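Source file: target_24.cif; contents: mmCIF, C-alpha atoms.
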```
data_protein
#
loop_
_atom_site.group_PDB
_atom_site.id
_atom_site.type_symbol
_atom_site.label_atom_id
_atom_site.label_comp_id
_atom_site.auth_asym_id
_atom_site.auth_seq_id
_atom_site.Cartn_x
_atom_site.Cartn_y
_atom_site.Cartn_z
ATOM 1 C CA MET A 1 7.933 -22.168 -0.741
ATOM 2 C CA SER A 2 10.534 -20.454 -2.910
ATOM 3 C CA LEU A 3 9.501 -17.366 -4.819
ATOM 4 C CA ASP A 4 10.630 -16.416 -8.315
ATOM 5 C CA ILE A 5 11.072 -12.749 -7.501
ATOM 6 C CA ASP A 6 12.243 -11.796 -10.989
ATOM 7 C CA ALA A 7 9.160 -13.378 -12.573
ATOM 8 C CA ILE A 8 6.829 -11.694 -10.078
ATOM 9 C CA ASN A 9 8.406 -8.311 -10.777
ATOM 10 C CA ARG A 10 8.095 -8.842 -14.537
ATOM 11 C CA GLU A 11 4.487 -10.004 -14.390
ATOM 12 C CA LEU A 12 3.040 -7.833 -11.595
ATOM 13 C CA GLY A 13 5.531 -5.037 -11.016
ATOM 14 C CA HIS A 14 3.532 -2.467 -12.956
ATOM 15 C CA ASP A 15 0.094 -3.564 -11.669
ATOM 16 C CA PRO A 16 -0.186 -2.310 -8.081
ATOM 17 C CA GLU A 17 -3.574 -3.795 -7.277
ATOM 18 C CA ALA A 18 -2.593 -7.211 -8.636
ATOM 19 C CA LEU A 19 0.641 -7.029 -6.667
ATOM 20 C CA VAL A 20 -1.275 -6.262 -3.468
ATOM 21 C CA ARG A 21 -3.573 -9.232 -4.061
ATOM 22 C CA TRP A 22 -0.550 -11.482 -4.655
ATOM 23 C CA ALA A 23 1.268 -10.237 -1.538
ATOM 24 C CA LEU A 24 -1.769 -10.712 0.680
ATOM 25 C CA SER A 25 -2.344 -14.227 -0.660
ATOM 26 C CA LEU A 26 1.016 -15.431 0.659
ATOM 27 C CA ASP A 27 1.227 -17.558 3.771
ATOM 28 C CA GLY A 28 2.324 -15.679 6.862
ATOM 29 C CA LYS A 29 1.495 -12.344 8.434
ATOM 30 C CA ALA A 30 1.520 -9.167 6.355
ATOM 31 C CA ILE A 31 1.891 -5.608 7.616
ATOM 32 C CA CYS A 32 1.853 -2.202 5.968
ATOM 33 C CA THR A 33 3.893 0.735 7.226
ATOM 34 C CA THR A 34 2.783 4.320 6.735
ATOM 35 C CA ASN A 35 3.964 7.802 7.615
ATOM 36 C CA PHE A 36 0.830 9.626 6.405
ATOM 37 C CA ARG A 37 2.840 11.667 3.923
ATOM 38 C CA PRO A 38 1.378 12.876 0.597
ATOM 39 C CA PHE A 39 -0.506 10.151 -1.321
ATOM 40 C CA GLU A 40 -0.371 7.598 1.523
ATOM 41 C CA ALA A 41 -4.129 7.108 1.243
ATOM 42 C CA VAL A 42 -3.470 5.224 -2.020
ATOM 43 C CA ILE A 43 -1.622 2.272 -0.489
ATOM 44 C CA LEU A 44 -3.838 2.287 2.603
ATOM 45 C CA HIS A 45 -6.998 2.093 0.506
ATOM 46 C CA MET A 46 -5.504 -0.494 -1.849
ATOM 47 C CA ILE A 47 -4.514 -2.909 0.910
ATOM 48 C CA THR A 48 -7.678 -2.576 2.968
ATOM 49 C CA GLN A 49 -9.801 -3.371 -0.079
ATOM 50 C CA VAL A 50 -8.162 -6.807 -0.050
ATOM 51 C CA GLN A 51 -7.602 -7.315 3.690
ATOM 52 C CA PRO A 52 -9.568 -4.810 5.791
ATOM 53 C CA ASP A 53 -7.884 -5.769 9.071
ATOM 54 C CA ILE A 54 -4.283 -5.800 7.851
ATOM 55 C CA PRO A 55 -2.013 -4.406 10.590
ATOM 56 C CA VAL A 56 -0.898 -0.884 9.706
ATOM 57 C CA ILE A 57 2.152 0.449 11.548
ATOM 58 C CA TRP A 58 3.109 4.095 11.988
ATOM 59 C CA MET A 59 6.429 5.172 13.495
ATOM 60 C CA ASP A 60 5.343 8.543 14.863
ATOM 61 C CA SER A 61 8.491 10.520 15.631
ATOM 62 C CA GLY A 62 6.511 13.161 17.519
ATOM 63 C CA TYR A 63 7.704 15.803 15.050
ATOM 64 C CA ASN A 64 4.881 15.597 12.510
ATOM 65 C CA THR A 65 2.896 18.648 11.445
ATOM 66 C CA GLU A 66 -0.543 19.307 12.886
ATOM 67 C CA ALA A 67 -1.995 18.655 9.416
ATOM 68 C CA THR A 68 -0.348 15.228 9.320
ATOM 69 C CA TYR A 69 -1.866 14.265 12.665
ATOM 70 C CA ARG A 70 -5.297 15.434 11.477
ATOM 71 C CA PHE A 71 -4.874 13.529 8.203
ATOM 72 C CA ALA A 72 -3.861 10.391 10.111
ATOM 73 C CA GLU A 73 -7.068 10.626 12.147
ATOM 74 C CA GLU A 74 -9.208 11.265 9.074
ATOM 75 C CA ILE A 75 -7.931 8.424 6.914
ATOM 76 C CA SER A 76 -7.757 6.025 9.864
ATOM 77 C CA GLN A 77 -11.449 6.581 10.513
ATOM 78 C CA GLN A 78 -12.459 6.594 6.850
ATOM 79 C CA LEU A 79 -10.737 3.252 6.164
ATOM 80 C CA ASP A 80 -11.193 1.837 9.683
ATOM 81 C CA LEU A 81 -7.470 1.118 9.823
ATOM 82 C CA ASN A 82 -6.106 -1.505 12.169
ATOM 83 C CA LEU A 83 -3.438 0.988 13.215
ATOM 84 C CA THR A 84 -0.634 0.527 15.734
ATOM 85 C CA ILE A 85 1.509 3.556 16.548
ATOM 86 C CA TYR A 86 5.111 3.188 17.648
ATOM 87 C CA HIS A 87 6.719 6.122 19.439
ATOM 88 C CA PRO A 88 10.333 6.738 20.414
ATOM 89 C CA ARG A 89 11.154 5.657 23.957
ATOM 90 C CA ARG A 90 11.473 9.338 24.889
ATOM 91 C CA SER A 91 8.721 11.816 24.058
ATOM 92 C CA ARG A 92 9.508 14.832 21.904
ATOM 93 C CA ALA A 93 9.129 17.087 24.961
ATOM 94 C CA HIS A 94 11.565 14.927 26.953
ATOM 95 C CA ARG A 95 14.141 14.768 24.167
ATOM 96 C CA ASP A 96 13.947 18.485 23.332
ATOM 97 C CA ALA A 97 14.196 19.482 26.997
ATOM 98 C CA VAL A 98 17.417 17.509 27.375
ATOM 99 C CA GLU A 99 19.036 17.996 23.966
ATOM 100 C CA GLY A 100 17.331 20.977 22.367
ATOM 101 C CA GLU A 101 15.690 21.189 18.940
ATOM 102 C CA PHE A 102 16.250 18.290 16.558
ATOM 103 C CA PRO A 103 19.646 18.404 14.801
ATOM 104 C CA THR A 104 20.078 19.432 11.183
ATOM 105 C CA ILE A 105 21.255 16.845 8.660
ATOM 106 C CA ASP A 106 24.837 18.173 8.733
ATOM 107 C CA ASP A 107 24.964 17.890 12.530
ATOM 108 C CA PRO A 108 26.960 14.844 13.758
ATOM 109 C CA ARG A 109 24.082 14.078 16.145
ATOM 110 C CA HIS A 110 21.569 13.600 13.325
ATOM 111 C CA ALA A 111 22.287 9.891 12.860
ATOM 112 C CA ALA A 112 21.599 9.207 16.536
ATOM 113 C CA PHE A 113 18.430 11.292 16.323
ATOM 114 C CA THR A 114 17.201 9.262 13.327
ATOM 115 C CA GLU A 115 17.985 6.036 15.149
ATOM 116 C CA GLU A 116 16.031 7.173 18.189
ATOM 117 C CA VAL A 117 12.885 8.528 16.553
ATOM 118 C CA LYS A 118 12.494 6.226 13.539
ATOM 119 C CA LEU A 119 14.846 3.267 13.208
ATOM 120 C CA GLU A 120 14.590 1.890 16.751
ATOM 121 C CA PRO A 121 10.765 2.132 16.790
ATOM 122 C CA PHE A 122 10.699 0.297 13.442
ATOM 123 C CA GLN A 123 12.970 -2.475 14.715
ATOM 124 C CA ARG A 124 10.667 -2.791 17.744
ATOM 125 C CA ALA A 125 7.626 -2.968 15.461
ATOM 126 C CA LEU A 126 9.211 -5.731 13.380
ATOM 127 C CA ARG A 127 10.066 -7.750 16.478
ATOM 128 C CA GLU A 128 6.564 -7.465 17.885
ATOM 129 C CA ALA A 129 4.619 -7.921 14.639
ATOM 130 C CA ALA A 130 6.933 -10.637 13.245
ATOM 131 C CA PRO A 131 5.624 -10.315 9.674
ATOM 132 C CA ARG A 132 6.573 -12.344 6.620
ATOM 133 C CA VAL A 133 5.375 -9.650 4.193
ATOM 134 C CA TRP A 134 5.942 -5.900 4.457
ATOM 135 C CA LEU A 135 3.974 -3.559 2.208
ATOM 136 C CA THR A 136 5.196 -0.004 1.728
ATOM 137 C CA ALA A 137 4.322 3.013 -0.438
ATOM 138 C CA LEU A 138 7.838 3.606 -1.751
ATOM 139 C CA ARG A 139 7.951 5.183 -5.205
ATOM 140 C CA ALA A 140 10.843 5.348 -7.657
ATOM 141 C CA GLU A 141 10.246 9.089 -8.047
ATOM 142 C CA ASP A 142 11.050 9.659 -4.357
ATOM 143 C CA THR A 143 14.832 9.295 -4.362
ATOM 144 C CA ALA A 144 17.683 8.037 -6.544
ATOM 145 C CA GLU A 145 18.063 5.018 -4.241
ATOM 146 C CA ARG A 146 14.410 4.048 -4.620
ATOM 147 C CA ALA A 147 14.639 4.349 -8.384
ATOM 148 C CA GLN A 148 17.038 1.375 -8.259
ATOM 149 C CA MET A 149 14.667 -0.821 -6.225
ATOM 150 C CA GLN A 150 12.316 -3.545 -7.428
ATOM 151 C CA PRO A 151 8.614 -3.764 -6.464
ATOM 152 C CA VAL A 152 9.251 -7.093 -4.725
ATOM 153 C CA SER A 153 12.440 -8.001 -2.902
ATOM 154 C CA ILE A 154 13.542 -10.201 -0.017
ATOM 155 C CA ASN A 155 15.752 -8.598 2.606
ATOM 156 C CA GLN A 156 18.582 -10.210 4.530
ATOM 157 C CA ASP A 157 16.195 -11.392 7.235
ATOM 158 C CA GLY A 158 13.931 -13.129 4.734
ATOM 159 C CA LEU A 159 11.198 -10.477 4.940
ATOM 160 C CA ILE A 160 9.314 -10.090 1.668
ATOM 161 C CA LYS A 161 9.199 -6.354 0.936
ATOM 162 C CA VAL A 162 6.490 -5.245 -1.492
ATOM 163 C CA ALA A 163 6.208 -1.736 -2.960
ATOM 164 C CA PRO A 164 3.089 -1.940 -5.148
ATOM 165 C CA VAL A 165 3.158 1.689 -6.338
ATOM 166 C CA LEU A 166 6.923 1.828 -6.930
ATOM 167 C CA HIS A 167 6.486 2.643 -10.621
ATOM 168 C CA TRP A 168 3.527 4.995 -10.258
ATOM 169 C CA THR A 169 3.949 8.706 -10.867
ATOM 170 C CA ALA A 170 2.451 11.494 -8.785
ATOM 171 C CA LYS A 171 -0.194 11.797 -11.511
ATOM 172 C CA ASP A 172 -1.105 8.104 -11.153
ATOM 173 C CA MET A 173 -1.400 8.558 -7.404
ATOM 174 C CA TYR A 174 -3.521 11.683 -7.731
ATOM 175 C CA GLN A 175 -5.884 9.979 -10.178
ATOM 176 C CA TYR A 176 -6.355 7.051 -7.781
ATOM 177 C CA LEU A 177 -7.207 9.468 -4.957
ATOM 178 C CA GLN A 178 -9.740 11.215 -7.165
ATOM 179 C CA LYS A 179 -11.300 7.976 -8.366
ATOM 180 C CA HIS A 180 -11.851 6.746 -4.806
ATOM 181 C CA ASP A 181 -12.620 10.115 -3.182
ATOM 182 C CA LEU A 182 -9.686 9.878 -0.791
ATOM 183 C CA PRO A 183 -8.107 12.736 1.181
ATOM 184 C CA ASN A 184 -4.502 13.869 0.845
ATOM 185 C CA ASN A 185 -1.916 15.674 2.952
ATOM 186 C CA PHE A 186 0.808 17.923 1.559
ATOM 187 C CA ASP A 187 1.722 19.656 4.826
ATOM 188 C CA TYR A 188 4.263 16.995 5.742
ATOM 189 C CA PHE A 189 7.736 17.183 7.246
ATOM 190 C CA ASP A 190 10.134 14.419 8.250
ATOM 191 C CA PRO A 191 13.008 15.638 10.459
ATOM 192 C CA THR A 192 15.004 12.475 9.768
ATOM 193 C CA LYS A 193 15.111 13.388 6.056
ATOM 194 C CA VAL A 194 14.559 17.181 6.031
ATOM 195 C CA GLU A 195 15.141 17.261 2.260
ATOM 196 C CA ASP A 196 12.557 15.687 -0.057
ATOM 197 C CA LYS A 197 15.032 13.535 -1.987
ATOM 198 C CA ARG A 198 16.999 12.291 1.016
ATOM 199 C CA GLU A 199 16.758 8.840 2.618
ATOM 200 C CA CYS A 200 16.410 8.439 6.385
ATOM 201 C CA GLY A 201 18.065 5.029 6.225
ATOM 202 C CA LEU A 202 15.120 2.793 7.060
ATOM 203 C CA HIS A 203 14.635 1.502 3.515
ATOM 204 C CA LEU A 204 18.369 1.218 2.939
ATOM 205 C CA GLN A 205 18.748 -1.011 6.002
ATOM 206 C CA HIS A 206 15.643 -3.082 5.247
#
```

I need this file expressed as structure tokens, please.
Amino acid sequence: MSLDIDAINRELGHDPEALVRWALSLDGKAICTTNFRPFEAVILHMITQVQPDIPVIWMDSGYNTEATYRFAEEISQQLDLNLTIYHPRRSRAHRDAVEGEFPTIDDPRHAAFTEEVKLEPFQRALREAAPRVWLTALRAEDTAERAQMQPVSINQDGLIKVAPVLHWTAKDMYQYLQKHDLPNNFDYFDPTKVEDKRECGLHLQH
């Protein structure tokens, strides 16, 4: 079945809940990725209202804050998430013992670090889950690159990538959390990005 992506983006691109319903009505397996950053409870609640057992995938680098790990536990229990966690092939303790603290973004080793702790685990997750549809909480406000994206796209591998809240502002996200009495987490740090407006590469490659 061919999809008229432009028409879908025009008709549903600014209606996150309708876009989720559309995405989860498609034939084939759907997954949602999360990193439990601020406002992640929005997409996780939205998708589980439609498909409670949707596979949720977390690439846990091992470098998250304690608050992020506690938040992950809290929202996973509250929404009864069908969560699978993918770790790097080396633990944080193993990697740090051999190579020291994680490299800064201007360190030539940073690309290899990002590959090890985020990109390779994601590739592994895609191979094992073999989804047709990938839901993500990307927002246009996040980075300049994301501001150029569309809510629905098809990547080079034919994976249908859906970002239901792409056009939502932080205020929209906050109001959804309040409406549904959902927790939030602002004590978040991603060593593959370091800076708030920087891409790690995952969404540029996929």

* When you draw a straight line from CA of Ala129 (chain A) to CA of His94 (chain A), how long is it in Å? ->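 Calculated distance between CA of Ala129 (chain A) and CA of His94 (chain A) is 26.9 Å.
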
* Which one is closest to Asn64 (chain A): A:Asn35, A:Ser25, A:Asn82, A:Ser153? Count all atoms listed in the file. ->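 Residue with the minimum atom-to-atom distance to Asn64 (chain A): A:Asn35.
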
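With all atoms listed in the file as the basis for measurement, A:Thr84 is the residue among A:Thr192, A:Thr84, A:Ser91, A:Gln123 that approaches Cys32 (chain A) most closely.
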
Write out as a short mmCIF file (atom, residue, chain, number, x, y, z; two decimals) with C-alpha atoms, in the coordinates of the input the residues lying within 7 Å of region 133-147 of chain A, counting all atoms listed in the file and excluding same-chain residues fewer than 3 positions away.
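part.cif was written with the following content:
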```
data_model
loop_
_atom_site.label_atom_id
_atom_site.label_comp_id
_atom_site.auth_asym_id
_atom_site.auth_seq_id
_atom_site.Cartn_x
_atom_site.Cartn_y
_atom_site.Cartn_z
CA LYS A 29 1.50 -12.34 8.43
CA ALA A 30 1.52 -9.17 6.36
CA ILE A 31 1.89 -5.61 7.62
CA CYS A 32 1.85 -2.20 5.97
CA THR A 33 3.89 0.74 7.23
CA GLU A 40 -0.37 7.60 1.52
CA ILE A 43 -1.62 2.27 -0.49
CA LEU A 159 11.20 -10.48 4.94
CA ILE A 160 9.31 -10.09 1.67
CA LYS A 161 9.20 -6.35 0.94
CA VAL A 162 6.49 -5.24 -1.49
CA ALA A 163 6.21 -1.74 -2.96
CA PRO A 164 3.09 -1.94 -5.15
CA VAL A 165 3.16 1.69 -6.34
CA LEU A 166 6.92 1.83 -6.93
CA HIS A 167 6.49 2.64 -10.62
CA TRP A 168 3.53 5.00 -10.26
CA THR A 169 3.95 8.71 -10.87
CA LYS A 197 15.03 13.54 -1.99
CA ARG A 198 17.00 12.29 1.02
#
```

* Select, from A:Pro52, A:Pro191, A:Arg70, A:Thr34, the residue with the minimum atom-to-atom distance to Phe102 (chain A), counting all atoms listed in the file. => A:Pro191

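This file, filtered with the PyMOL selection byres ((chain A and resi 103-118) around 7), gives the residues Met59, Ser61, Pro88, Glu101, Phe102, Leu119, Glu120, Pro121, Phe122 and Thr192 of chain A.
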